[in-house]
>>> print(open('coords38.cif').read())   # mmCIF, C-alpha atoms and all ligand atoms
data_target
loop_
_atom_site.group_PDB
_atom_site.id
_atom_site.type_symbol
_atom_site.label_atom_id
_atom_site.label_comp_id
_atom_site.auth_asym_id
_atom_site.auth_seq_id
_atom_site.Cartn_x
_atom_site.Cartn_y
_atom_site.Cartn_z
ATOM 1 C CA MET A 1 41.273 -49.022 -128.062
ATOM 2 C CA PRO A 2 44.229 -51.435 -128.265
ATOM 3 C CA THR A 3 46.435 -51.894 -131.320
ATOM 4 C CA VAL A 4 47.355 -55.181 -133.010
ATOM 5 C CA LEU A 5 49.975 -55.682 -135.716
ATOM 6 C CA VAL A 6 49.148 -58.655 -137.962
ATOM 7 C CA THR A 7 51.618 -60.204 -140.428
ATOM 8 C CA GLY A 8 50.293 -62.235 -143.361
ATOM 9 C CA ALA A 9 47.079 -60.187 -143.403
ATOM 10 C CA SER A 10 46.437 -60.644 -147.146
ATOM 11 C CA ARG A 11 44.440 -63.866 -146.721
ATOM 12 C CA GLY A 12 43.647 -66.795 -144.447
ATOM 13 C CA LEU A 13 43.941 -66.397 -140.698
ATOM 14 C CA GLY A 14 45.765 -63.045 -140.813
ATOM 15 C CA LEU A 15 42.935 -61.553 -142.868
ATOM 16 C CA GLU A 16 40.318 -62.979 -140.472
ATOM 17 C CA PHE A 17 42.182 -61.570 -137.443
ATOM 18 C CA THR A 18 42.179 -58.196 -139.202
ATOM 19 C CA ARG A 19 38.417 -58.361 -139.789
ATOM 20 C CA GLN A 20 37.546 -59.467 -136.253
ATOM 21 C CA TYR A 21 39.819 -57.064 -134.373
ATOM 22 C CA ALA A 22 38.692 -54.142 -136.555
ATOM 23 C CA ALA A 23 35.043 -55.079 -136.011
ATOM 24 C CA GLU A 24 35.672 -54.901 -132.256
ATOM 25 C CA GLY A 25 37.104 -51.405 -132.621
ATOM 26 C CA TRP A 26 40.816 -52.229 -132.343
ATOM 27 C CA GLN A 27 43.392 -50.351 -134.403
ATOM 28 C CA VAL A 28 44.877 -52.893 -136.817
ATOM 29 C CA ILE A 29 48.268 -52.528 -138.475
ATOM 30 C CA ALA A 30 47.664 -55.047 -141.248
ATOM 31 C CA CYS A 31 50.832 -56.160 -143.043
ATOM 32 C CA ALA A 32 50.974 -57.894 -146.407
ATOM 33 C CA ARG A 33 53.761 -58.663 -148.834
ATOM 34 C CA ASP A 34 51.968 -56.951 -151.698
ATOM 35 C CA PRO A 35 49.009 -54.834 -150.506
ATOM 36 C CA ALA A 36 48.101 -53.830 -154.065
ATOM 37 C CA ARG A 37 47.286 -57.485 -154.830
ATOM 38 C CA ALA A 38 45.489 -58.113 -151.521
ATOM 39 C CA ALA A 39 41.950 -57.210 -152.617
ATOM 40 C CA ALA A 40 40.215 -58.896 -149.668
ATOM 41 C CA LEU A 41 42.420 -56.962 -147.245
ATOM 42 C CA GLN A 42 41.634 -53.686 -149.002
ATOM 43 C CA ASP A 43 37.911 -54.557 -148.669
ATOM 44 C CA ALA A 44 38.372 -55.282 -144.941
ATOM 45 C CA ALA A 45 40.096 -51.912 -144.520
ATOM 46 C CA ALA A 46 37.299 -50.126 -146.402
ATOM 47 C CA ALA A 47 34.703 -51.835 -144.193
ATOM 48 C CA ALA A 48 36.315 -50.415 -141.038
ATOM 49 C CA PRO A 49 37.232 -46.819 -141.916
ATOM 50 C CA GLY A 50 40.118 -45.425 -139.848
ATOM 51 C CA ARG A 51 40.767 -48.687 -138.037
ATOM 52 C CA VAL A 52 42.891 -50.692 -140.504
ATOM 53 C CA ALA A 53 46.227 -49.311 -141.715
ATOM 54 C CA VAL A 54 47.708 -51.474 -144.469
ATOM 55 C CA HIS A 55 51.510 -51.711 -144.764
ATOM 56 C CA PRO A 56 53.811 -53.658 -147.097
ATOM 57 C CA LEU A 57 55.906 -56.219 -145.200
ATOM 58 C CA ASP A 58 57.835 -59.312 -146.233
ATOM 59 C CA VAL A 59 58.908 -61.097 -143.047
ATOM 60 C CA ALA A 60 61.676 -62.903 -144.929
ATOM 61 C CA ASP A 61 63.225 -59.558 -145.871
ATOM 62 C CA HIS A 62 64.806 -58.106 -142.736
ATOM 63 C CA ALA A 63 65.330 -54.703 -144.330
ATOM 64 C CA SER A 64 61.559 -54.589 -144.932
ATOM 65 C CA VAL A 65 60.939 -55.409 -141.242
ATOM 66 C CA ASP A 66 63.417 -52.747 -140.091
ATOM 67 C CA ARG A 67 61.827 -50.151 -142.405
ATOM 68 C CA LEU A 68 58.371 -50.738 -140.949
ATOM 69 C CA ALA A 69 59.684 -50.711 -137.368
ATOM 70 C CA ALA A 70 61.355 -47.331 -138.052
ATOM 71 C CA GLN A 71 58.183 -45.976 -139.650
ATOM 72 C CA LEU A 72 56.171 -47.075 -136.592
ATOM 73 C CA ALA A 73 58.881 -46.138 -134.080
ATOM 74 C CA LYS A 74 56.511 -44.167 -131.865
ATOM 75 C CA ALA A 75 53.613 -46.641 -131.950
ATOM 76 C CA ALA A 76 52.398 -48.709 -129.000
ATOM 77 C CA ILE A 77 51.499 -52.236 -130.138
ATOM 78 C CA ASP A 78 49.440 -54.267 -127.652
ATOM 79 C CA VAL A 79 49.573 -57.511 -129.617
ATOM 80 C CA LEU A 80 52.259 -58.415 -132.162
ATOM 81 C CA LEU A 81 50.684 -61.266 -134.099
ATOM 82 C CA ASN A 82 52.872 -63.406 -136.379
ATOM 83 C CA CYS A 83 50.447 -65.075 -138.788
ATOM 84 C CA ALA A 84 52.621 -65.134 -141.915
ATOM 85 C CA GLY A 85 53.684 -68.674 -142.653
ATOM 86 C CA THR A 86 54.275 -71.179 -145.412
ATOM 87 C CA MET A 87 54.500 -74.916 -146.037
ATOM 88 C CA GLY A 88 56.856 -74.255 -148.938
ATOM 89 C CA ASP A 89 56.441 -75.322 -152.533
ATOM 90 C CA GLY A 90 53.957 -78.106 -153.111
ATOM 91 C CA ASN A 91 50.394 -78.365 -151.960
ATOM 92 C CA PHE A 92 49.729 -79.968 -148.591
ATOM 93 C CA ALA A 93 45.994 -79.349 -148.919
ATOM 94 C CA ALA A 94 45.925 -81.581 -152.004
ATOM 95 C CA GLN A 95 48.796 -83.985 -151.311
ATOM 96 C CA GLY A 96 48.683 -84.445 -147.521
ATOM 97 C CA LEU A 97 51.629 -86.355 -146.072
ATOM 98 C CA ALA A 98 52.796 -87.347 -149.543
ATOM 99 C CA PHE A 99 54.143 -83.822 -149.748
ATOM 100 C CA GLY A 100 57.509 -83.670 -147.953
ATOM 101 C CA ARG A 101 58.398 -87.388 -147.900
ATOM 102 C CA PHE A 102 61.852 -88.748 -147.014
ATOM 103 C CA GLY A 103 63.953 -88.918 -150.183
ATOM 104 C CA SER A 104 62.282 -85.968 -151.893
ATOM 105 C CA THR A 105 63.792 -83.085 -149.934
ATOM 106 C CA ASP A 106 64.114 -79.728 -151.654
ATOM 107 C CA TYR A 107 66.742 -78.080 -149.465
ATOM 108 C CA ALA A 108 66.425 -74.598 -150.943
ATOM 109 C CA ASP A 109 62.681 -74.692 -150.306
ATOM 110 C CA TRP A 110 63.270 -75.914 -146.717
ATOM 111 C CA GLU A 111 65.578 -72.929 -146.112
ATOM 112 C CA ARG A 112 62.849 -70.560 -147.368
ATOM 113 C CA VAL A 113 60.327 -72.179 -145.019
ATOM 114 C CA LEU A 114 62.678 -71.763 -142.054
ATOM 115 C CA ARG A 115 63.389 -68.150 -142.979
ATOM 116 C CA ILE A 116 59.678 -67.253 -143.046
ATOM 117 C CA ASN A 117 58.343 -69.463 -140.217
ATOM 118 C CA VAL A 118 61.227 -69.305 -137.715
ATOM 119 C CA LEU A 119 63.475 -66.327 -138.419
ATOM 120 C CA GLY A 120 60.439 -64.199 -139.360
ATOM 121 C CA PRO A 121 58.761 -64.188 -135.918
ATOM 122 C CA MET A 122 62.140 -63.733 -134.195
ATOM 123 C CA LYS A 123 63.073 -60.775 -136.408
ATOM 124 C CA MET A 124 59.613 -59.208 -135.905
ATOM 125 C CA ALA A 125 59.967 -59.519 -132.123
ATOM 126 C CA GLU A 126 63.464 -58.013 -132.084
ATOM 127 C CA ALA A 127 62.373 -55.159 -134.353
ATOM 128 C CA PHE A 128 59.128 -54.336 -132.492
ATOM 129 C CA VAL A 129 59.922 -55.158 -128.867
ATOM 130 C CA GLY A 130 60.038 -51.452 -127.954
ATOM 131 C CA GLN A 131 56.586 -50.760 -129.412
ATOM 132 C CA VAL A 132 55.120 -53.793 -127.592
ATOM 133 C CA ALA A 133 56.843 -52.908 -124.304
ATOM 134 C CA ARG A 134 55.255 -49.435 -124.239
ATOM 135 C CA SER A 135 51.720 -50.789 -124.810
ATOM 136 C CA GLU A 136 49.198 -51.714 -122.129
ATOM 137 C CA GLN A 137 48.737 -55.406 -122.998
ATOM 138 C CA ARG A 138 52.316 -56.341 -124.015
ATOM 139 C CA LYS A 139 51.795 -59.606 -125.954
ATOM 140 C CA ILE A 140 53.692 -61.368 -128.756
ATOM 141 C CA VAL A 141 51.908 -64.319 -130.377
ATOM 142 C CA THR A 142 53.090 -66.627 -133.160
ATOM 143 C CA LEU A 143 50.851 -69.087 -134.983
ATOM 144 C CA THR A 144 52.432 -72.524 -134.775
ATOM 145 C CA SER A 145 51.009 -75.916 -135.778
ATOM 146 C CA ILE A 146 50.247 -79.228 -134.117
ATOM 147 C CA LEU A 147 52.609 -80.583 -136.809
ATOM 148 C CA GLY A 148 55.451 -79.017 -134.775
ATOM 149 C CA SER A 149 54.687 -81.259 -131.793
ATOM 150 C CA ILE A 150 57.391 -83.922 -131.497
ATOM 151 C CA ALA A 151 55.273 -85.793 -128.934
ATOM 152 C CA ARG A 152 52.310 -85.921 -131.354
ATOM 153 C CA ASN A 153 54.300 -86.933 -134.441
ATOM 154 C CA THR A 154 53.103 -90.453 -135.147
ATOM 155 C CA ARG A 155 52.917 -90.242 -138.964
ATOM 156 C CA GLY A 156 56.303 -88.852 -140.077
ATOM 157 C CA SER A 157 56.949 -86.882 -143.299
ATOM 158 C CA LEU A 158 56.636 -83.083 -143.737
ATOM 159 C CA TYR A 159 60.258 -82.487 -142.653
ATOM 160 C CA GLY A 160 60.441 -78.836 -143.616
ATOM 161 C CA TYR A 161 57.177 -77.632 -142.109
ATOM 162 C CA ARG A 162 57.327 -79.818 -138.981
ATOM 163 C CA SER A 163 60.891 -78.720 -138.203
ATOM 164 C CA SER A 164 59.992 -75.052 -138.753
ATOM 165 C CA LYS A 165 57.101 -75.183 -136.285
ATOM 166 C CA ALA A 166 59.097 -77.192 -133.699
ATOM 167 C CA ALA A 167 61.846 -74.575 -134.046
ATOM 168 C CA VAL A 168 59.519 -71.618 -133.681
ATOM 169 C CA ASN A 169 58.049 -73.282 -130.586
ATOM 170 C CA ALA A 170 61.545 -73.296 -129.082
ATOM 171 C CA VAL A 171 62.100 -69.689 -130.149
ATOM 172 C CA MET A 172 58.864 -68.505 -128.565
ATOM 173 C CA LYS A 173 59.506 -70.471 -125.356
ATOM 174 C CA SER A 174 62.846 -68.702 -124.873
ATOM 175 C CA MET A 175 61.199 -65.398 -125.756
ATOM 176 C CA ALA A 176 58.479 -65.999 -123.148
ATOM 177 C CA ILE A 177 61.122 -66.451 -120.462
ATOM 178 C CA ASP A 178 63.391 -63.602 -121.578
ATOM 179 C CA LEU A 179 60.776 -60.937 -122.321
ATOM 180 C CA ALA A 180 58.677 -61.616 -119.222
ATOM 181 C CA ALA A 181 61.733 -60.821 -117.142
ATOM 182 C CA SER A 182 63.051 -57.889 -119.158
ATOM 183 C CA HIS A 183 59.853 -56.157 -120.389
ATOM 184 C CA GLY A 184 56.802 -57.779 -118.759
ATOM 185 C CA ILE A 185 55.824 -59.131 -122.194
ATOM 186 C CA ALA A 186 53.741 -62.333 -122.548
ATOM 187 C CA ALA A 187 54.989 -64.355 -125.546
ATOM 188 C CA THR A 188 53.480 -67.610 -126.757
ATOM 189 C CA VAL A 189 52.522 -69.880 -129.632
ATOM 190 C CA ILE A 190 48.987 -70.910 -130.607
ATOM 191 C CA HIS A 191 47.909 -73.763 -132.911
ATOM 192 C CA PRO A 192 44.879 -72.520 -134.879
ATOM 193 C CA GLY A 193 43.369 -75.972 -135.450
ATOM 194 C CA TRP A 194 43.080 -77.467 -138.949
ATOM 195 C CA VAL A 195 41.437 -74.571 -140.732
ATOM 196 C CA ARG A 196 39.834 -74.131 -144.166
ATOM 197 C CA THR A 197 42.269 -71.613 -145.701
ATOM 198 C CA ASP A 198 44.515 -71.876 -148.776
ATOM 199 C CA MET A 199 46.978 -73.711 -146.527
ATOM 200 C CA GLY A 200 44.545 -75.977 -144.704
ATOM 201 C CA GLY A 201 42.461 -76.794 -147.782
ATOM 202 C CA PRO A 202 38.715 -77.363 -148.155
ATOM 203 C CA ARG A 203 38.618 -80.629 -146.152
ATOM 204 C CA ALA A 204 39.917 -79.041 -142.940
ATOM 205 C CA ASP A 205 37.970 -79.265 -139.667
ATOM 206 C CA ILE A 206 36.921 -75.673 -138.964
ATOM 207 C CA ASP A 207 36.456 -72.338 -140.690
ATOM 208 C CA ALA A 208 38.660 -69.275 -140.170
ATOM 209 C CA PRO A 209 36.077 -67.260 -138.136
ATOM 210 C CA THR A 210 35.781 -70.123 -135.603
ATOM 211 C CA SER A 211 39.552 -70.560 -135.304
ATOM 212 C CA VAL A 212 40.252 -66.841 -134.968
ATOM 213 C CA ALA A 213 37.452 -66.259 -132.442
ATOM 214 C CA GLY A 214 38.989 -69.031 -130.307
ATOM 215 C CA MET A 215 42.543 -67.703 -130.675
ATOM 216 C CA ARG A 216 41.364 -64.199 -129.752
ATOM 217 C CA ARG A 217 39.934 -65.601 -126.511
ATOM 218 C CA VAL A 218 43.295 -67.269 -125.760
ATOM 219 C CA ILE A 219 45.133 -64.012 -126.542
ATOM 220 C CA ASP A 220 42.727 -61.937 -124.411
ATOM 221 C CA ALA A 221 43.351 -64.212 -121.426
ATOM 222 C CA LEU A 222 47.136 -64.405 -121.944
ATOM 223 C CA THR A 223 49.351 -63.247 -119.065
ATOM 224 C CA VAL A 224 53.078 -63.578 -118.373
ATOM 225 C CA GLU A 225 52.135 -66.504 -116.130
ATOM 226 C CA SER A 226 50.247 -68.372 -118.874
ATOM 227 C CA ALA A 227 52.710 -67.436 -121.654
ATOM 228 C CA GLY A 228 55.256 -69.844 -123.128
ATOM 229 C CA ARG A 229 52.759 -72.701 -123.532
ATOM 230 C CA TYR A 230 51.649 -74.651 -126.604
ATOM 231 C CA TRP A 231 48.137 -73.257 -126.736
ATOM 232 C CA MET A 232 45.347 -74.558 -128.978
ATOM 233 C CA TYR A 233 42.705 -72.220 -130.399
ATOM 234 C CA ASP A 234 40.115 -73.800 -128.068
ATOM 235 C CA GLY A 235 42.017 -72.943 -124.875
ATOM 236 C CA SER A 236 43.519 -76.409 -124.319
ATOM 237 C CA THR A 237 47.278 -77.075 -124.549
ATOM 238 C CA LEU A 238 49.410 -79.521 -126.538
ATOM 239 C CA PRO A 239 52.495 -81.533 -125.528
ATOM 240 C CA TRP A 240 55.739 -80.181 -127.013
HETATM 241 N N1 LIG A 301 45.295 -73.359 -141.982
HETATM 242 C C1 LIG A 301 45.671 -74.291 -141.123
HETATM 243 O O1 LIG A 301 45.037 -75.368 -141.030
HETATM 244 C C2 LIG A 301 46.850 -74.072 -140.224
HETATM 245 C C3 LIG A 301 47.144 -75.079 -139.296
HETATM 246 C C4 LIG A 301 48.223 -74.900 -138.437
HETATM 247 C C5 LIG A 301 48.971 -73.753 -138.500
HETATM 248 N N2 LIG A 301 48.677 -72.780 -139.413
HETATM 249 C C6 LIG A 301 49.528 -71.581 -139.415
HETATM 250 O O2 LIG A 301 48.731 -70.420 -139.372
HETATM 251 C C7 LIG A 301 49.394 -69.352 -140.087
HETATM 252 C C8 LIG A 301 48.440 -68.771 -141.132
HETATM 253 O O3 LIG A 301 48.071 -69.846 -142.002
HETATM 254 P P1 LIG A 301 46.910 -69.688 -143.093
HETATM 255 O O4 LIG A 301 46.113 -70.934 -143.043
HETATM 256 O O5 LIG A 301 46.265 -68.363 -142.966
HETATM 257 O O6 LIG A 301 47.812 -69.725 -144.419
HETATM 258 P P2 LIG A 301 47.536 -69.106 -145.878
HETATM 259 O O7 LIG A 301 46.088 -68.999 -146.128
HETATM 260 O O8 LIG A 301 48.389 -69.917 -146.792
HETATM 261 O O9 LIG A 301 48.141 -67.617 -145.752
HETATM 262 C C9 LIG A 301 49.503 -67.460 -145.520
HETATM 263 C C10 LIG A 301 49.776 -66.000 -145.283
HETATM 264 O O10 LIG A 301 51.171 -65.834 -144.983
HETATM 265 C C11 LIG A 301 51.665 -64.816 -145.849
HETATM 266 N N3 LIG A 301 53.095 -64.953 -146.104
HETATM 267 C C12 LIG A 301 53.764 -66.013 -146.587
HETATM 268 N N4 LIG A 301 55.071 -65.724 -146.700
HETATM 269 C C13 LIG A 301 55.219 -64.446 -146.273
HETATM 270 C C14 LIG A 301 56.320 -63.566 -146.139
HETATM 271 N N5 LIG A 301 57.559 -63.906 -146.508
HETATM 272 N N6 LIG A 301 56.107 -62.320 -145.645
HETATM 273 C C15 LIG A 301 54.868 -61.930 -145.286
HETATM 274 N N7 LIG A 301 53.776 -62.703 -145.410
HETATM 275 C C16 LIG A 301 53.965 -63.953 -145.892
HETATM 276 C C17 LIG A 301 50.839 -64.942 -147.125
HETATM 277 O O11 LIG A 301 50.970 -63.771 -147.892
HETATM 278 P P3 LIG A 301 50.817 -63.768 -149.511
HETATM 279 O O12 LIG A 301 49.341 -63.609 -149.783
HETATM 280 O O13 LIG A 301 51.613 -62.584 -149.944
HETATM 281 O O14 LIG A 301 51.361 -65.059 -150.021
HETATM 282 C C18 LIG A 301 49.461 -65.122 -146.503
HETATM 283 O O15 LIG A 301 48.937 -63.889 -146.053
HETATM 284 C C19 LIG A 301 50.666 -69.942 -140.665
HETATM 285 O O16 LIG A 301 51.755 -69.667 -139.821
HETATM 286 C C20 LIG A 301 50.377 -71.446 -140.664
HETATM 287 O O17 LIG A 301 51.566 -72.205 -140.591
HETATM 288 C C21 LIG A 301 47.631 -72.907 -140.275
#
>>> encode(input="coords38.cif", output="structure tokens")
Amino acid sequence: MPTVLVTGASRGLGLEFTRQYAAEGWQVIACARDPARAAALQDAAAAAPGRVAVHPLDVADHASVDRLAAQLAKAAIDVLLNCAGTMGDGNFAAQGLAFGRFGSTDYADWERVLRINVLGPMKMAEAFVGQVARSEQRKIVTLTSILGSIARNTRGSLYGYRSSKAAVNAVMKSMAIDLAASHGIAATVIHPGWVRTDMGGPRADIDAPTSVAGMRRVIDALTVESAGRYWMYDGSTLPW
């Protein structure tokens, strides 16, 4: 069976990807900043004996990424899935667009958001490109957001998060072009929809199982020809 590496597997969409891929018989390399505190992930691993290997990984800490890549040097990873992400300090689920207004910028927090949401997926790809290249499926996927669409930004605000997702869109577009040519790897972004997780909050449109089932269909169908697009979880695409 294929292998998927999931970042941010402690909760939310990363945890749901772990559950669904493991239930389908995939080998899951489930990465969390602090596995000892990720009880739901430990339960998911126990529910799928032998299929979920839990590893500590902080995507903002490049030494941590390099350590895991060295530990898994001989692995073949069919899908490298960058789920780890943050909106920064504050609570979008509760505050909505009031969080991240012009005039209230916390620059240190913005830098942390960029380090996790933009540099994180890039560092993961550079560290694991060899493991992906030797797999059968050869895919690198990063969860973006519709809030990164410049064309769809009609309401302003959310400078840190919006800019991080617009930036990671640009990163993944370049990666799609470069890695298709050099390694036959399909790289892309997917917007999961507005999902009821800690980040999306209880008023969001869809639940995590629905979002992840849709994203898995998009990932299954992904080829180097259909890579480098702004996919939605439902198989449609967004304007950049
Ligand atoms: N939910 C939505 O409506 C929505 C919409 C659009 C896009 N997205 C994107 O989808 C992705 C997953 O979102 P979610 O809803 O699952 O969010 P979530 O419930 O807030 O979970 C975020 C995950 O990212 C992990 N994480 C944060 N910083 C990390 C770091 N430095 N290193 C490793 N892991 C880190 C968290 O780990 P800890 O448990 O250790 O904090 C957690 O597992 C994110 O990229 C998000 O931007 C979500």
>>> residues_near_ligand(input="coords38.cif", ligand="ligand LIG 301 (chain A)", cutoff="6 Å", atoms="all atoms listed in the file", output="PyMOL selection string")
chain A and resi 7-14+32-34+57-60+83-86+116+143-145+191-200
>>> resolve_selection(input="coords38.cif", expression="the PyMOL selection byres (((chain A and resi 81) around 6) and not hetatm)", output="list in words")
Leu5, Val6, Val79, Leu80, Asn82, Val141 and Thr142 of chain A
>>> resolve_selection(input="coords38.cif", expression="the PyMOL selection byres (((chain A and resi 231) around 8) and not hetatm)", output="list in words")
Thr188, Val189, Ile190, His191, Val218, Arg229, Tyr230, Met232, Tyr233, Gly235, Ser236, Thr237 and Leu238 of chain A
>>> atom_distance(input="coords38.cif", atom1="CA of Ala181 (chain A)", atom2="CA of Glu136 (chain A)")
16.3 Å
>>> atom_distance(input="coords38.cif", atom1="CA of Ala187 (chain A)", atom2="CA of Val54 (chain A)")
24.0 Å
>>> atom_distance(input="coords38.cif", atom1="CA of Val113 (chain A)", atom2="CA of Gln131 (chain A)")
26.8 Å
>>> resolve_selection(input="coords38.cif", expression="the PyMOL selection byres (((chain A and resi 138) around 10) and not hetatm)", output="number ranges by chain")
A: 76-80, 129-137, 139-140, 179-180, 183-187, 222-224
>>> write_last_selection(input="coords38.cif", atoms="C-alpha atoms", output="PDB file, in the frame of the given file")
ATOM      1  CA  ALA A  76      52.398 -48.709-129.000  1.00  0.00           C
ATOM      2  CA  ILE A  77      51.499 -52.236-130.138  1.00  0.00           C
ATOM      3  CA  ASP A  78      49.440 -54.267-127.652  1.00  0.00           C
ATOM      4  CA  VAL A  79      49.573 -57.511-129.617  1.00  0.00           C
ATOM      5  CA  LEU A  80      52.259 -58.415-132.162  1.00  0.00           C
ATOM      6  CA  VAL A 129      59.922 -55.158-128.867  1.00  0.00           C
ATOM      7  CA  GLY A 130      60.038 -51.452-127.954  1.00  0.00           C
ATOM      8  CA  GLN A 131      56.586 -50.760-129.412  1.00  0.00           C
ATOM      9  CA  VAL A 132      55.120 -53.793-127.592  1.00  0.00           C
ATOM     10  CA  ALA A 133      56.843 -52.908-124.304  1.00  0.00           C
ATOM     11  CA  ARG A 134      55.255 -49.435-124.239  1.00  0.00           C
ATOM     12  CA  SER A 135      51.720 -50.789-124.810  1.00  0.00           C
ATOM     13  CA  GLU A 136      49.198 -51.714-122.129  1.00  0.00           C
ATOM     14  CA  GLN A 137      48.737 -55.406-122.998  1.00  0.00           C
ATOM     15  CA  LYS A 139      51.795 -59.606-125.954  1.00  0.00           C
ATOM     16  CA  ILE A 140      53.692 -61.368-128.756  1.00  0.00           C
ATOM     17  CA  LEU A 179      60.776 -60.937-122.321  1.00  0.00           C
ATOM     18  CA  ALA A 180      58.677 -61.616-119.222  1.00  0.00           C
ATOM     19  CA  HIS A 183      59.853 -56.157-120.389  1.00  0.00           C
ATOM     20  CA  GLY A 184      56.802 -57.779-118.759  1.00  0.00           C
ATOM     21  CA  ILE A 185      55.824 -59.131-122.194  1.00  0.00           C
ATOM     22  CA  ALA A 186      53.741 -62.333-122.548  1.00  0.00           C
ATOM     23  CA  ALA A 187      54.989 -64.355-125.546  1.00  0.00           C
ATOM     24  CA  LEU A 222      47.136 -64.405-121.944  1.00  0.00           C
ATOM     25  CA  THR A 223      49.351 -63.247-119.065  1.00  0.00           C
ATOM     26  CA  VAL A 224      53.078 -63.578-118.373  1.00  0.00           C
TER      27      VAL A 224
END
>>> decode(input="coords38.cif", residues="region 155-173 of chain A", atoms="N, CA and C atoms", output="PDB file, in the first residue's frame")
ATOM      1  N   ARG A 155     -13.075  41.565   1.049  1.00  0.00           N
ATOM      2  CA  ARG A 155     -13.436  42.039   2.394  1.00  0.00           C
ATOM      3  C   ARG A 155     -12.257  42.531   3.214  1.00  0.00           C
ATOM      4  N   GLY A 156     -11.023  42.441   2.669  1.00  0.00           N
ATOM      5  CA  GLY A 156      -9.862  42.989   3.372  1.00  0.00           C
ATOM      6  C   GLY A 156      -9.497  42.239   4.640  1.00  0.00           C
ATOM      7  N   SER A 157      -8.667  42.895   5.487  1.00  0.00           N
ATOM      8  CA  SER A 157      -8.258  42.389   6.799  1.00  0.00           C
ATOM      9  C   SER A 157      -7.445  41.084   6.690  1.00  0.00           C
ATOM     10  N   LEU A 158      -7.143  40.497   7.822  1.00  0.00           N
ATOM     11  CA  LEU A 158      -6.403  39.220   7.913  1.00  0.00           C
ATOM     12  C   LEU A 158      -5.081  39.245   7.148  1.00  0.00           C
ATOM     13  N   TYR A 159      -4.283  40.307   7.357  1.00  0.00           N
ATOM     14  CA  TYR A 159      -3.054  40.505   6.577  1.00  0.00           C
ATOM     15  C   TYR A 159      -2.087  39.341   6.698  1.00  0.00           C
ATOM     16  N   GLY A 160      -1.870  38.887   7.917  1.00  0.00           N
ATOM     17  CA  GLY A 160      -0.875  37.833   8.129  1.00  0.00           C
ATOM     18  C   GLY A 160      -1.266  36.536   7.447  1.00  0.00           C
ATOM     19  N   TYR A 161      -2.467  36.066   7.730  1.00  0.00           N
ATOM     20  CA  TYR A 161      -2.898  34.765   7.198  1.00  0.00           C
ATOM     21  C   TYR A 161      -3.073  34.827   5.687  1.00  0.00           C
ATOM     22  N   ARG A 162      -3.757  35.885   5.198  1.00  0.00           N
ATOM     23  CA  ARG A 162      -3.961  35.995   3.743  1.00  0.00           C
ATOM     24  C   ARG A 162      -2.621  35.989   3.008  1.00  0.00           C
ATOM     25  N   SER A 163      -1.677  36.804   3.511  1.00  0.00           N
ATOM     26  CA  SER A 163      -0.385  36.901   2.798  1.00  0.00           C
ATOM     27  C   SER A 163       0.357  35.577   2.862  1.00  0.00           C
ATOM     28  N   SER A 164       0.199  34.830   3.958  1.00  0.00           N
ATOM     29  CA  SER A 164       0.910  33.540   4.060  1.00  0.00           C
ATOM     30  C   SER A 164       0.355  32.542   3.048  1.00  0.00           C
ATOM     31  N   LYS A 165      -0.956  32.549   2.851  1.00  0.00           N
ATOM     32  CA  LYS A 165      -1.538  31.567   1.920  1.00  0.00           C
ATOM     33  C   LYS A 165      -1.321  32.001   0.467  1.00  0.00           C
ATOM     34  N   ALA A 166      -1.325  33.320   0.189  1.00  0.00           N
ATOM     35  CA  ALA A 166      -0.977  33.775  -1.165  1.00  0.00           C
ATOM     36  C   ALA A 166       0.475  33.399  -1.466  1.00  0.00           C
ATOM     37  N   ALA A 167       1.340  33.548  -0.459  1.00  0.00           N
ATOM     38  CA  ALA A 167       2.762  33.226  -0.661  1.00  0.00           C
ATOM     39  C   ALA A 167       2.967  31.728  -0.871  1.00  0.00           C
ATOM     40  N   VAL A 168       2.274  30.916  -0.094  1.00  0.00           N
ATOM     41  CA  VAL A 168       2.484  29.476  -0.269  1.00  0.00           C
ATOM     42  C   VAL A 168       1.882  29.013  -1.601  1.00  0.00           C
ATOM     43  N   ASN A 169       0.867  29.708  -2.085  1.00  0.00           N
ATOM     44  CA  ASN A 169       0.365  29.401  -3.434  1.00  0.00           C
ATOM     45  C   ASN A 169       1.477  29.622  -4.466  1.00  0.00           C
ATOM     46  N   ALA A 170       2.186  30.734  -4.332  1.00  0.00           N
ATOM     47  CA  ALA A 170       3.273  31.028  -5.274  1.00  0.00           C
ATOM     48  C   ALA A 170       4.396  30.001  -5.145  1.00  0.00           C
ATOM     49  N   VAL A 171       4.703  29.631  -3.914  1.00  0.00           N
ATOM     50  CA  VAL A 171       5.736  28.617  -3.666  1.00  0.00           C
ATOM     51  C   VAL A 171       5.367  27.294  -4.343  1.00  0.00           C
ATOM     52  N   MET A 172       4.130  26.875  -4.148  1.00  0.00           N
ATOM     53  CA  MET A 172       3.727  25.564  -4.679  1.00  0.00           C
ATOM     54  C   MET A 172       3.591  25.585  -6.194  1.00  0.00           C
ATOM     55  N   LYS A 173       3.263  26.765  -6.766  1.00  0.00           N
ATOM     56  CA  LYS A 173       3.194  26.869  -8.227  1.00  0.00           C
ATOM     57  C   LYS A 173       4.590  26.680  -8.829  1.00  0.00           C
TER      58      LYS A 173
END
